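Asks: My structure is stored as target-v8.txt, with compact mmCIF, C-alpha atoms.
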```txt
# COMPACT_ATOMS: atom_id res chain seq x y z
CA MET A 1 12.35 9.58 64.62
CA ARG A 2 15.66 9.43 62.78
CA PRO A 3 14.79 6.19 60.87
CA VAL A 4 11.42 7.68 59.92
CA ALA A 5 13.06 10.88 58.69
CA MET A 6 15.61 8.94 56.70
CA GLY A 7 12.85 6.83 55.16
CA LEU A 8 10.87 9.92 54.13
CA LEU A 9 14.02 11.45 52.63
CA CYS A 10 14.67 8.29 50.57
CA LEU A 11 11.07 8.22 49.34
CA THR A 12 11.28 11.89 48.36
CA MET A 13 14.55 11.36 46.47
CA SER A 14 13.15 8.25 44.70
CA ALA A 15 10.03 10.15 43.67
CA GLY A 16 12.20 13.00 42.36
CA VAL A 17 14.33 10.61 40.30
CA ALA A 18 11.23 8.89 38.91
CA LEU A 19 9.66 12.25 38.04
CA ALA A 20 12.84 13.35 36.26
CA ALA A 21 12.90 10.09 34.31
CA ASP A 22 9.26 10.60 33.29
CA GLU A 23 10.05 14.13 32.17
CA ASP A 24 12.97 12.89 30.06
CA ALA A 25 10.88 10.17 28.37
CA PRO A 26 9.11 11.29 25.19
CA ALA A 27 5.41 11.81 25.78
CA LYS A 28 3.06 9.67 23.75
CA PRO A 29 0.75 11.73 21.52
CA ALA A 30 -2.75 12.09 22.90
CA VAL A 31 -4.28 11.84 19.41
CA PRO A 32 -2.99 9.48 16.67
CA ASN A 33 -2.04 10.59 13.18
CA ILE A 34 -5.21 11.16 11.15
CA TYR A 35 -4.93 11.96 7.46
CA LEU A 36 -6.45 11.52 4.03
CA ASP A 37 -3.85 9.53 2.09
CA LEU A 38 -4.73 11.10 -1.26
CA ARG A 39 -3.33 9.10 -4.22
CA THR A 40 -3.68 10.14 -7.87
CA ILE A 41 -2.93 7.35 -10.37
CA TYR A 42 -2.40 7.30 -14.12
CA ALA A 43 -2.08 3.89 -15.77
CA THR A 44 -1.82 2.35 -19.22
CA ILE A 45 -3.23 -1.15 -19.57
CA PRO A 46 -2.29 -3.44 -22.51
CA ALA A 47 -4.95 -5.27 -24.49
CA GLY A 48 -6.08 -8.61 -23.12
CA THR A 49 -5.38 -8.01 -19.42
CA LEU A 50 -7.14 -6.61 -16.35
CA GLY A 51 -4.60 -4.04 -15.21
CA LEU A 52 -3.27 -6.03 -12.27
CA GLY A 53 -0.09 -4.91 -10.58
CA PHE A 54 1.61 -4.32 -7.27
CA GLY A 55 0.04 -2.47 -4.37
CA ASN A 56 -3.11 -0.99 -5.98
CA THR A 57 -6.42 -2.84 -6.17
CA SER A 58 -8.99 -0.06 -6.66
CA LEU A 59 -8.18 0.42 -10.33
CA SER A 60 -8.03 -3.32 -10.94
CA ALA A 61 -11.41 -3.86 -9.28
CA ALA A 62 -13.02 -1.10 -11.34
CA PHE A 63 -11.52 -2.32 -14.63
CA ALA A 64 -12.42 -5.95 -13.92
CA ALA A 65 -16.04 -4.96 -13.23
CA LEU A 66 -16.16 -2.88 -16.43
CA ALA A 67 -14.65 -5.74 -18.43
CA THR A 68 -17.21 -8.20 -17.06
CA ARG A 69 -20.16 -5.92 -17.83
CA SER A 70 -18.84 -5.10 -21.32
CA GLY A 71 -17.43 -8.52 -22.13
CA ALA A 72 -20.37 -9.60 -24.29
CA GLY A 73 -19.84 -6.54 -26.47
CA LEU A 74 -16.12 -7.15 -26.94
CA PRO A 75 -15.88 -10.07 -29.38
CA ASN A 76 -12.18 -9.36 -30.00
CA GLY A 77 -11.30 -9.40 -26.31
CA LEU A 78 -10.27 -6.59 -24.00
CA PRO A 79 -8.82 -3.55 -25.80
CA ALA A 80 -5.88 -1.48 -24.59
CA ALA A 81 -6.93 1.14 -22.06
CA LYS A 82 -5.80 4.23 -20.20
CA ALA A 83 -7.09 5.10 -16.76
CA ILE A 84 -6.96 7.86 -14.18
CA ALA A 85 -7.95 7.03 -10.61
CA VAL A 86 -8.09 8.89 -7.31
CA ASP A 87 -7.93 6.98 -4.01
CA LEU A 88 -9.22 8.69 -0.85
CA PRO A 89 -8.59 6.41 2.12
CA LEU A 90 -8.97 8.05 5.54
CA THR A 91 -6.05 6.66 7.57
CA VAL A 92 -5.59 6.51 11.34
CA ASP A 93 -2.22 5.48 12.78
CA VAL A 94 -3.52 3.80 15.92
CA SER A 95 0.07 3.28 17.13
CA ASP A 96 3.56 3.05 15.66
CA ARG A 97 2.67 -0.55 14.77
CA VAL A 98 -0.94 -0.44 13.50
CA SER A 99 -2.76 1.70 10.92
CA LEU A 100 -6.42 1.46 9.92
CA TYR A 101 -7.83 2.93 6.71
CA GLY A 102 -10.97 3.05 4.61
CA GLY A 103 -12.43 5.19 1.86
CA VAL A 104 -13.61 5.44 -1.72
CA SER A 105 -11.94 5.56 -5.13
CA GLY A 106 -13.04 7.18 -8.35
CA SER A 107 -11.80 6.58 -11.86
CA THR A 108 -12.23 7.37 -15.54
CA ILE A 109 -11.21 4.93 -18.29
CA ASP A 110 -10.53 5.32 -21.99
CA ILE A 111 -10.80 2.09 -24.00
CA GLY A 112 -10.55 3.75 -27.38
CA GLY A 113 -13.80 5.68 -27.59
CA GLY A 114 -12.87 8.60 -25.34
CA TRP A 115 -12.76 9.07 -21.60
CA SER A 116 -15.70 7.90 -19.54
CA SER A 117 -17.25 10.15 -16.91
CA PHE A 118 -15.36 10.28 -13.60
CA ASP A 119 -17.37 8.25 -11.09
CA ILE A 120 -16.94 6.59 -7.72
CA THR A 121 -16.02 3.05 -8.78
CA SER A 122 -14.98 1.25 -5.56
CA TRP A 123 -14.63 1.44 -1.79
CA ASN A 124 -12.05 -0.19 0.44
CA ILE A 125 -11.16 -0.92 4.05
CA GLY A 126 -7.91 -2.30 5.40
CA VAL A 127 -5.30 -2.63 8.10
CA GLN A 128 -1.50 -2.49 8.16
CA ALA A 129 0.32 -3.91 11.18
CA ASP A 130 3.88 -4.68 12.20
CA LEU A 131 3.70 -8.26 13.45
CA TYR A 132 7.30 -7.96 14.66
CA GLN A 133 9.69 -5.01 14.88
CA GLN A 134 13.45 -5.36 14.43
CA ASN A 135 14.44 -2.54 16.79
CA GLY A 136 18.15 -3.14 16.23
CA GLY A 137 17.89 -6.93 16.51
CA ARG A 138 18.87 -9.68 14.13
CA PHE A 139 15.39 -10.46 12.79
CA PRO A 140 13.67 -8.15 10.29
CA THR A 141 10.48 -6.21 10.83
CA VAL A 142 7.50 -8.20 9.56
CA THR A 143 4.55 -6.16 8.22
CA LEU A 144 1.16 -7.46 7.08
CA GLN A 145 -1.23 -5.31 5.04
CA SER A 146 -4.71 -6.57 4.14
CA THR A 147 -7.22 -4.65 2.01
CA LEU A 148 -10.79 -5.43 0.98
CA THR A 149 -11.89 -3.60 -2.18
CA GLN A 150 -15.35 -3.74 -3.73
CA SER A 151 -16.43 -2.15 -6.98
CA VAL A 152 -19.62 -0.09 -7.19
CA PRO A 153 -22.45 -0.04 -8.09
CA ASN A 154 -23.74 -3.23 -6.45
CA GLU A 155 -25.00 -5.14 -9.48
CA PRO A 156 -24.18 -8.27 -11.52
CA GLY A 157 -20.51 -8.13 -12.47
CA MET A 158 -19.53 -6.43 -9.21
CA THR A 159 -15.96 -7.33 -8.18
CA THR A 160 -14.71 -7.95 -4.63
CA SER A 161 -10.96 -8.34 -4.19
CA PHE A 162 -8.88 -9.34 -1.18
CA ASN A 163 -5.28 -8.10 -1.29
CA HIS A 164 -2.63 -9.23 1.20
CA ILE A 165 1.01 -8.07 1.37
CA LEU A 166 3.53 -9.68 3.72
CA GLU A 167 6.83 -7.77 3.78
CA PHE A 168 10.15 -8.32 5.57
CA ASP A 169 12.28 -5.21 6.27
CA TYR A 170 15.86 -5.73 7.45
CA ALA A 171 17.41 -2.41 8.52
CA LEU A 172 21.19 -2.06 8.23
CA ASP A 173 21.57 0.75 10.77
CA GLU A 174 20.03 1.78 14.08
CA ASP A 175 18.13 4.72 12.56
CA GLU A 176 16.61 2.41 9.89
CA THR A 177 17.62 4.74 7.06
CA ARG A 178 18.85 1.93 4.80
CA GLY A 179 18.00 -1.72 4.46
CA TRP A 180 16.72 -4.64 2.41
CA LEU A 181 13.14 -5.65 1.59
CA ALA A 182 11.48 -8.89 0.52
CA GLY A 183 7.84 -9.83 0.33
CA VAL A 184 4.84 -11.41 -1.31
CA GLN A 185 1.50 -10.01 -2.48
CA TYR A 186 -1.53 -12.25 -3.00
CA THR A 187 -4.75 -10.97 -4.60
CA HIS A 188 -7.94 -12.99 -4.86
CA ALA A 189 -10.96 -11.57 -6.70
CA ASP A 190 -14.59 -12.69 -6.76
CA ILE A 191 -17.10 -11.61 -9.41
CA ALA A 192 -20.85 -11.49 -8.74
CA SER A 193 -21.56 -13.50 -11.87
CA GLN A 194 -21.77 -17.23 -12.56
CA LEU A 195 -20.39 -16.66 -16.06
CA ALA A 196 -17.12 -14.97 -15.10
CA SER A 197 -14.12 -15.83 -12.94
CA ILE A 198 -10.72 -14.32 -12.16
CA ARG A 199 -7.81 -16.48 -11.04
CA PRO A 200 -5.51 -15.30 -8.19
CA ASN A 201 -2.59 -12.95 -8.78
CA THR A 202 0.70 -13.41 -6.88
CA VAL A 203 3.75 -11.13 -6.74
CA LEU A 204 7.12 -12.11 -5.24
CA TYR A 205 9.64 -9.28 -4.88
CA ALA A 206 12.88 -8.10 -3.26
CA GLY A 207 14.49 -4.68 -3.00
CA GLY A 208 16.00 -2.07 -0.73
CA TYR A 209 15.76 1.52 0.48
CA TYR A 210 17.95 4.47 1.44
CA GLN A 211 16.96 7.65 3.29
CA TRP A 212 19.18 10.73 3.05
CA PRO A 213 19.73 13.16 5.99
CA SER A 214 17.44 15.56 4.10
CA ASN A 215 14.61 13.01 4.69
CA TRP A 216 14.21 12.08 1.03
CA LYS A 217 13.74 8.30 0.81
CA PHE A 218 14.23 6.06 -2.23
CA THR A 219 12.83 2.52 -2.39
CA GLY A 220 13.20 0.02 -5.22
CA ARG A 221 11.46 -3.33 -5.66
CA LEU A 222 12.02 -5.90 -8.41
CA GLY A 223 9.76 -8.92 -8.63
CA VAL A 224 7.81 -11.48 -10.61
CA GLN A 225 4.04 -11.41 -11.08
CA SER A 226 2.03 -14.56 -11.81
CA PHE A 227 -1.59 -14.16 -12.92
CA GLY A 228 -3.91 -17.12 -13.51
CA GLY A 229 -6.11 -15.46 -16.14
CA ALA A 230 -9.82 -14.66 -16.37
CA GLN A 231 -12.75 -16.27 -18.16
CA LEU A 232 -16.16 -14.99 -19.24
CA ALA A 233 -18.96 -17.20 -20.60
CA GLY A 234 -16.55 -19.99 -21.50
CA ARG A 235 -14.04 -17.84 -23.36
CA THR A 236 -10.77 -16.31 -22.23
CA LEU A 237 -11.12 -12.72 -21.06
CA ALA A 238 -7.45 -12.36 -20.01
CA GLU A 239 -4.58 -14.78 -20.63
CA PRO A 240 -2.51 -16.12 -17.71
CA PHE A 241 1.10 -14.95 -17.53
CA THR A 242 4.24 -14.92 -15.37
CA GLN A 243 6.29 -11.78 -15.97
CA PRO A 244 8.65 -9.35 -14.16
CA LEU A 245 7.73 -6.00 -12.66
CA LEU A 246 9.67 -3.03 -11.29
CA ARG A 247 8.48 -0.47 -8.75
CA LEU A 248 10.39 2.69 -7.74
CA ASP A 249 9.29 5.00 -4.90
CA LEU A 250 10.61 8.45 -3.97
CA ASP A 251 9.17 9.90 -0.75
CA ARG A 252 9.70 13.08 1.25
CA MET A 253 9.49 12.29 4.97
CA ASP A 254 9.54 14.49 8.07
CA ASP A 255 11.73 13.94 11.14
CA ASN A 256 9.16 11.50 12.57
CA ASP A 257 8.95 9.43 9.35
CA ASN A 258 5.56 10.79 8.34
CA ARG A 259 5.20 10.93 4.56
CA LEU A 260 4.78 14.46 3.20
CA PHE A 261 4.92 13.65 -0.52
CA GLY A 262 5.53 10.58 -2.63
CA ILE A 263 5.79 9.50 -6.25
CA THR A 264 5.70 5.88 -7.46
CA ALA A 265 6.60 4.56 -10.91
CA LEU A 266 5.59 0.99 -11.79
CA ILE A 267 6.37 -1.03 -14.91
CA ALA A 268 4.67 -4.43 -15.09
CA TRP A 269 4.89 -6.76 -18.07
CA MET A 270 1.54 -8.52 -18.82
CA PRO A 271 3.37 -9.67 -21.05
CA LYS A 272 3.33 -6.28 -22.82
CA PRO A 273 4.43 -3.48 -20.47
CA SER A 274 1.90 -1.62 -18.36
CA TYR A 275 2.95 1.76 -16.95
CA GLN A 276 1.59 3.30 -13.78
CA LEU A 277 2.45 6.60 -12.09
CA THR A 278 1.12 7.45 -8.62
CA LEU A 279 1.33 10.74 -6.72
CA ARG A 280 0.81 10.59 -2.95
CA THR A 281 -0.10 13.88 -1.30
CA PRO A 282 -1.41 13.08 2.21
CA LEU A 283 -3.64 15.70 3.82
CA TYR A 284 -3.10 15.66 7.60
CA ALA A 285 -5.75 16.52 10.13
CA VAL A 286 -3.38 15.45 12.94
CA ARG A 287 0.38 14.91 12.43
CA ASN A 288 2.62 13.97 15.33
```
Translate the structure of the given file into structure tokens.

Replies:
Amino acid sequence: MRPVAMGLLCLTMSAGVALAADEDAPAKPAVPNIYLDLRTIYATIPAGTLGLGFGNTSLSAAFAALATRSGAGLPNGLPAAKAIAVDLPLTVDVSDRVSLYGGVSGSTIDIGGGWSSFDITSWNIGVQADLYQQNGGRFPTVTLQSTLTQSVPNEPGMTTSFNHILEFDYALDEDETRGWLAGVQYTHADIASQLASIRPNTVLYAGGYYQWPSNWKFTGRLGVQSFGGAQLAGRTLAEPFTQPLLRLDLDRMDDNDNRLFGITALIAWMPKPSYQLTLRTPLYAVRN
């Protein structure tokens, strides 16, 4: 009986230790983060270009579709434009490595004759995933983001764009509050018209970030954008160029690195400068 009693005592103690370890481990949330990643964008677009840039394809898709439909009535080429857009992607953080999103975007554009009516001009779906996480190791976190954006309505001149961003994030401390960034963005656009075509757009960039104990985070990226141009009915709709761009982000995070507020300023030379300001005000249904 003594060996049996000793065995039961050992099993009881082991179960108690395991239970204590489980209680100490942080519980995984039962429901993932679910939020509307509301983004409000104001942009100026120089004459003779399609408003391409870094990170945002909804405005580019809408402007490219408008340019294609109006191209026959623009004998002097594309005029300078101003635009306001609102992106409404519903985002679900499936895990700490994968996020899925999809939604619609609306915009209004002024090409010299006053602001157009604000309409839904595109929809998008996408995924962002950490292919590898540094977690204190020597190799950086590798993140891939892919977005499909299609302009609306579905008619001749409709634009479908595929945007891919591959980014490398090398953290300099265990808490990942400061580090270096490098990456590439590749955008390919198709137009539902045999008379028009848009060449690919590629951005190469490098930068860094720093997050203060107050959870304000600053990120800067400096890069080069190369655009292959666009043609319509045998004439040039937008000239090709290779020019620099600068993007600055200021975000307010919570203790779990969920974004509470963000502002992005982008200057892209095309070759004349294009300015873009984006406000991010996510609306959380579930925030862990």

Asks: Which is closest to Ser274 of chain A among A:Ser226, A:Asn33, A:Asn258, A:Gln243, if we use only C-alpha atoms?

Replies: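 For Ser274 of chain A, the nearest of the given residues is A:Gln243.
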
Asks: May I have the residues within 8 Å of segment 123-136 of chain A as a PyMOL selection string, using only C-alpha atoms and disregarding those fewer than 5 positions away in the same chain?

Replies: chain A and resi 58+89+97-105+141-152+170-171+173-174

Asks: By how many Å are atom CA of Arg178 of chain A and atom CA of Gln276 of chain A apart?

Replies: 25.4 Å

Asks: Using Å and a single decimal, report how far atom CA of Tyr42 of chain A sits from atom CA of Leu279 of chain A.

Replies: 9.0 Å

Asks: Excluding Thr278 of chain A and any residue of its chain fewer than 4 positions from it, enumerate the residues within 9 Å of it, using all atoms listed in the file, and give them as a list in words.

Replies: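 Result of the neighbour search: Arg39, Thr40, Ile41, Tyr42, Ala43, Gly262, Ile263, Thr264, Ala265 and Leu266 of chain A.
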
Asks: Name the closest residue to His164 of chain A among the candidates A:Phe54, A:Val31, A:Thr91, A:Gly207; distances are taken between atoms, counting all atoms listed in the file.

Replies: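 Using all atoms listed in the file, the shortest distance to His164 of chain A belongs to A:Phe54.
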
Asks: May I have the protein, DNA and RNA residues with any atom at most 12 Å from the point (17.0, 3.2, 1.5), counting all atoms listed in the file, written as a PyMOL selection string?

Replies: chain A and resi 169-173+175-181+207-213+215-221+248-251

Asks: How about saving the chosen residues, C-alpha atoms kept, as a JSON list (two decimals), keeping the file's coordinate frame?

Replies:
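Ended up saving to selection03.json:
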```
[["chain", "number", "residue", "atom", "x", "y", "z"],
["A", 169, "ASP", "CA", 12.28, -5.21, 6.27],
["A", 170, "TYR", "CA", 15.86, -5.73, 7.45],
["A", 171, "ALA", "CA", 17.41, -2.41, 8.52],
["A", 172, "LEU", "CA", 21.19, -2.06, 8.23],
["A", 173, "ASP", "CA", 21.57, 0.75, 10.77],
["A", 175, "ASP", "CA", 18.13, 4.72, 12.56],
["A", 176, "GLU", "CA", 16.61, 2.41, 9.89],
["A", 177, "THR", "CA", 17.62, 4.74, 7.06],
["A", 178, "ARG", "CA", 18.85, 1.93, 4.80],
["A", 179, "GLY", "CA", 18.00, -1.72, 4.46],
["A", 180, "TRP", "CA", 16.72, -4.64, 2.41],
["A", 181, "LEU", "CA", 13.14, -5.65, 1.59],
["A", 207, "GLY", "CA", 14.49, -4.68, -3.00],
["A", 208, "GLY", "CA", 16.00, -2.07, -0.73],
["A", 209, "TYR", "CA", 15.76, 1.52, 0.48],
["A", 210, "TYR", "CA", 17.95, 4.47, 1.44],
["A", 211, "GLN", "CA", 16.96, 7.65, 3.29],
["A", 212, "TRP", "CA", 19.18, 10.73, 3.05],
["A", 213, "PRO", "CA", 19.73, 13.16, 5.99],
["A", 215, "ASN", "CA", 14.61, 13.01, 4.69],
["A", 216, "TRP", "CA", 14.21, 12.08, 1.03],
["A", 217, "LYS", "CA", 13.74, 8.30, 0.81],
["A", 218, "PHE", "CA", 14.23, 6.06, -2.23],
["A", 219, "THR", "CA", 12.83, 2.52, -2.39],
["A", 220, "GLY", "CA", 13.20, 0.02, -5.22],
["A", 221, "ARG", "CA", 11.46, -3.33, -5.66],
["A", 248, "LEU", "CA", 10.39, 2.69, -7.74],
["A", 249, "ASP", "CA", 9.29, 5.00, -4.90],
["A", 250, "LEU", "CA", 10.61, 8.45, -3.97],
["A", 251, "ASP", "CA", 9.17, 9.90, -0.75]]
```

Asks: Can you work out the spacing between atom CA of Ser161 of chain A and atom CA of Leu66 of chain A in Å, to one decimal?

Replies: 14.4 Å

Asks: Rank A:Ile34, A:Val203, A:Leu166, A:Leu277 by their smallest atom-to-atom distance to Val94 of chain A, using all atoms listed in the file, and report the top residue only.

Replies: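 The shortest atom-to-atom distance to Val94 of chain A comes from A:Ile34.
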
Asks: Asn256 of chain A: which residues within 10 Å, counting only C-alpha atoms, same-chain residues fewer than 2 positions away excluded, as a tab-separated table (two decimals) with C-alpha atoms, in the coordinates of the input?

Replies:
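Writing done, so here's result.tsv:
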```tsv
chain	number	residue	atom	x	y	z
A	215	ASN	CA	14.61	13.01	4.69
A	253	MET	CA	9.49	12.29	4.97
A	254	ASP	CA	9.54	14.49	8.07
A	258	ASN	CA	5.56	10.79	8.34
A	259	ARG	CA	5.20	10.93	4.56
A	287	ARG	CA	0.38	14.91	12.43
A	288	ASN	CA	2.62	13.97	15.33
```

Asks: Would you mind telling me which residue in A:Ala182, A:Ile45, A:Ile165, A:Ala285 lies nearest to Ala64 of chain A when using all atoms listed in the file?

Replies: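 Looking only at the distances to Ala64 of chain A, the closest residue turns out to be A:Ile45.
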
Asks: Looking at A:Ser60, A:Ser95, A:Thr44, A:Thr160, which one is nearest to Trp269 of chain A, with distances taken over only C-alpha atoms?

Replies: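 Of all the options, A:Thr44 lies closest to Trp269 of chain A.
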
Asks: Would you mind telling me which residue in A:Ile109, A:Ala230, A:Met270, A:Val92 lies nearest to Pro32 of chain A when using only C-alpha atoms?

Replies: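 Looking at the shortest contact to Pro32 of chain A, the residue is A:Val92.
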
Asks: Determine, counting all atoms listed in the file, which protein, DNA and RNA residues have an atom within 7 Å of an atom of Arg199 of chain A; residues of the same chain fewer than 6 positions away are not included. Present the result as a list in words.

Replies: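 Listed by chain and then number, they are Phe227, Gly228, Gly229 and Ala230 of chain A.
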
Asks: Would you pick out the contacts of Gly48 of chain A at 9 Å or less, using only C-alpha atoms, so that residues sharing its chain but fewer than 4 positions from it are not included, and give the list as a compact mmCIF listing (two decimals) with C-alpha atoms, keeping the file's coordinate frame?

Replies:
```
# COMPACT_ATOMS: atom_id res chain seq x y z
CA GLY A 77 -11.30 -9.40 -26.31
CA LEU A 78 -10.27 -6.59 -24.00
CA PRO A 79 -8.82 -3.55 -25.80
CA ALA A 80 -5.88 -1.48 -24.59
CA LEU A 237 -11.12 -12.72 -21.06
CA ALA A 238 -7.45 -12.36 -20.01
CA GLU A 239 -4.58 -14.78 -20.63
CA MET A 270 1.54 -8.52 -18.82
```

Asks: Which residues, protein or nucleic acid, reach to within 6 Å of (-7.0, -15.1, -9.0) in the file's coordinates when using all atoms listed in the file, and can you give that as a list in words?

Replies: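 Nearby residues: His188, Ala189, Ile198, Arg199, Pro200, Asn201 and Gly228 of chain A.
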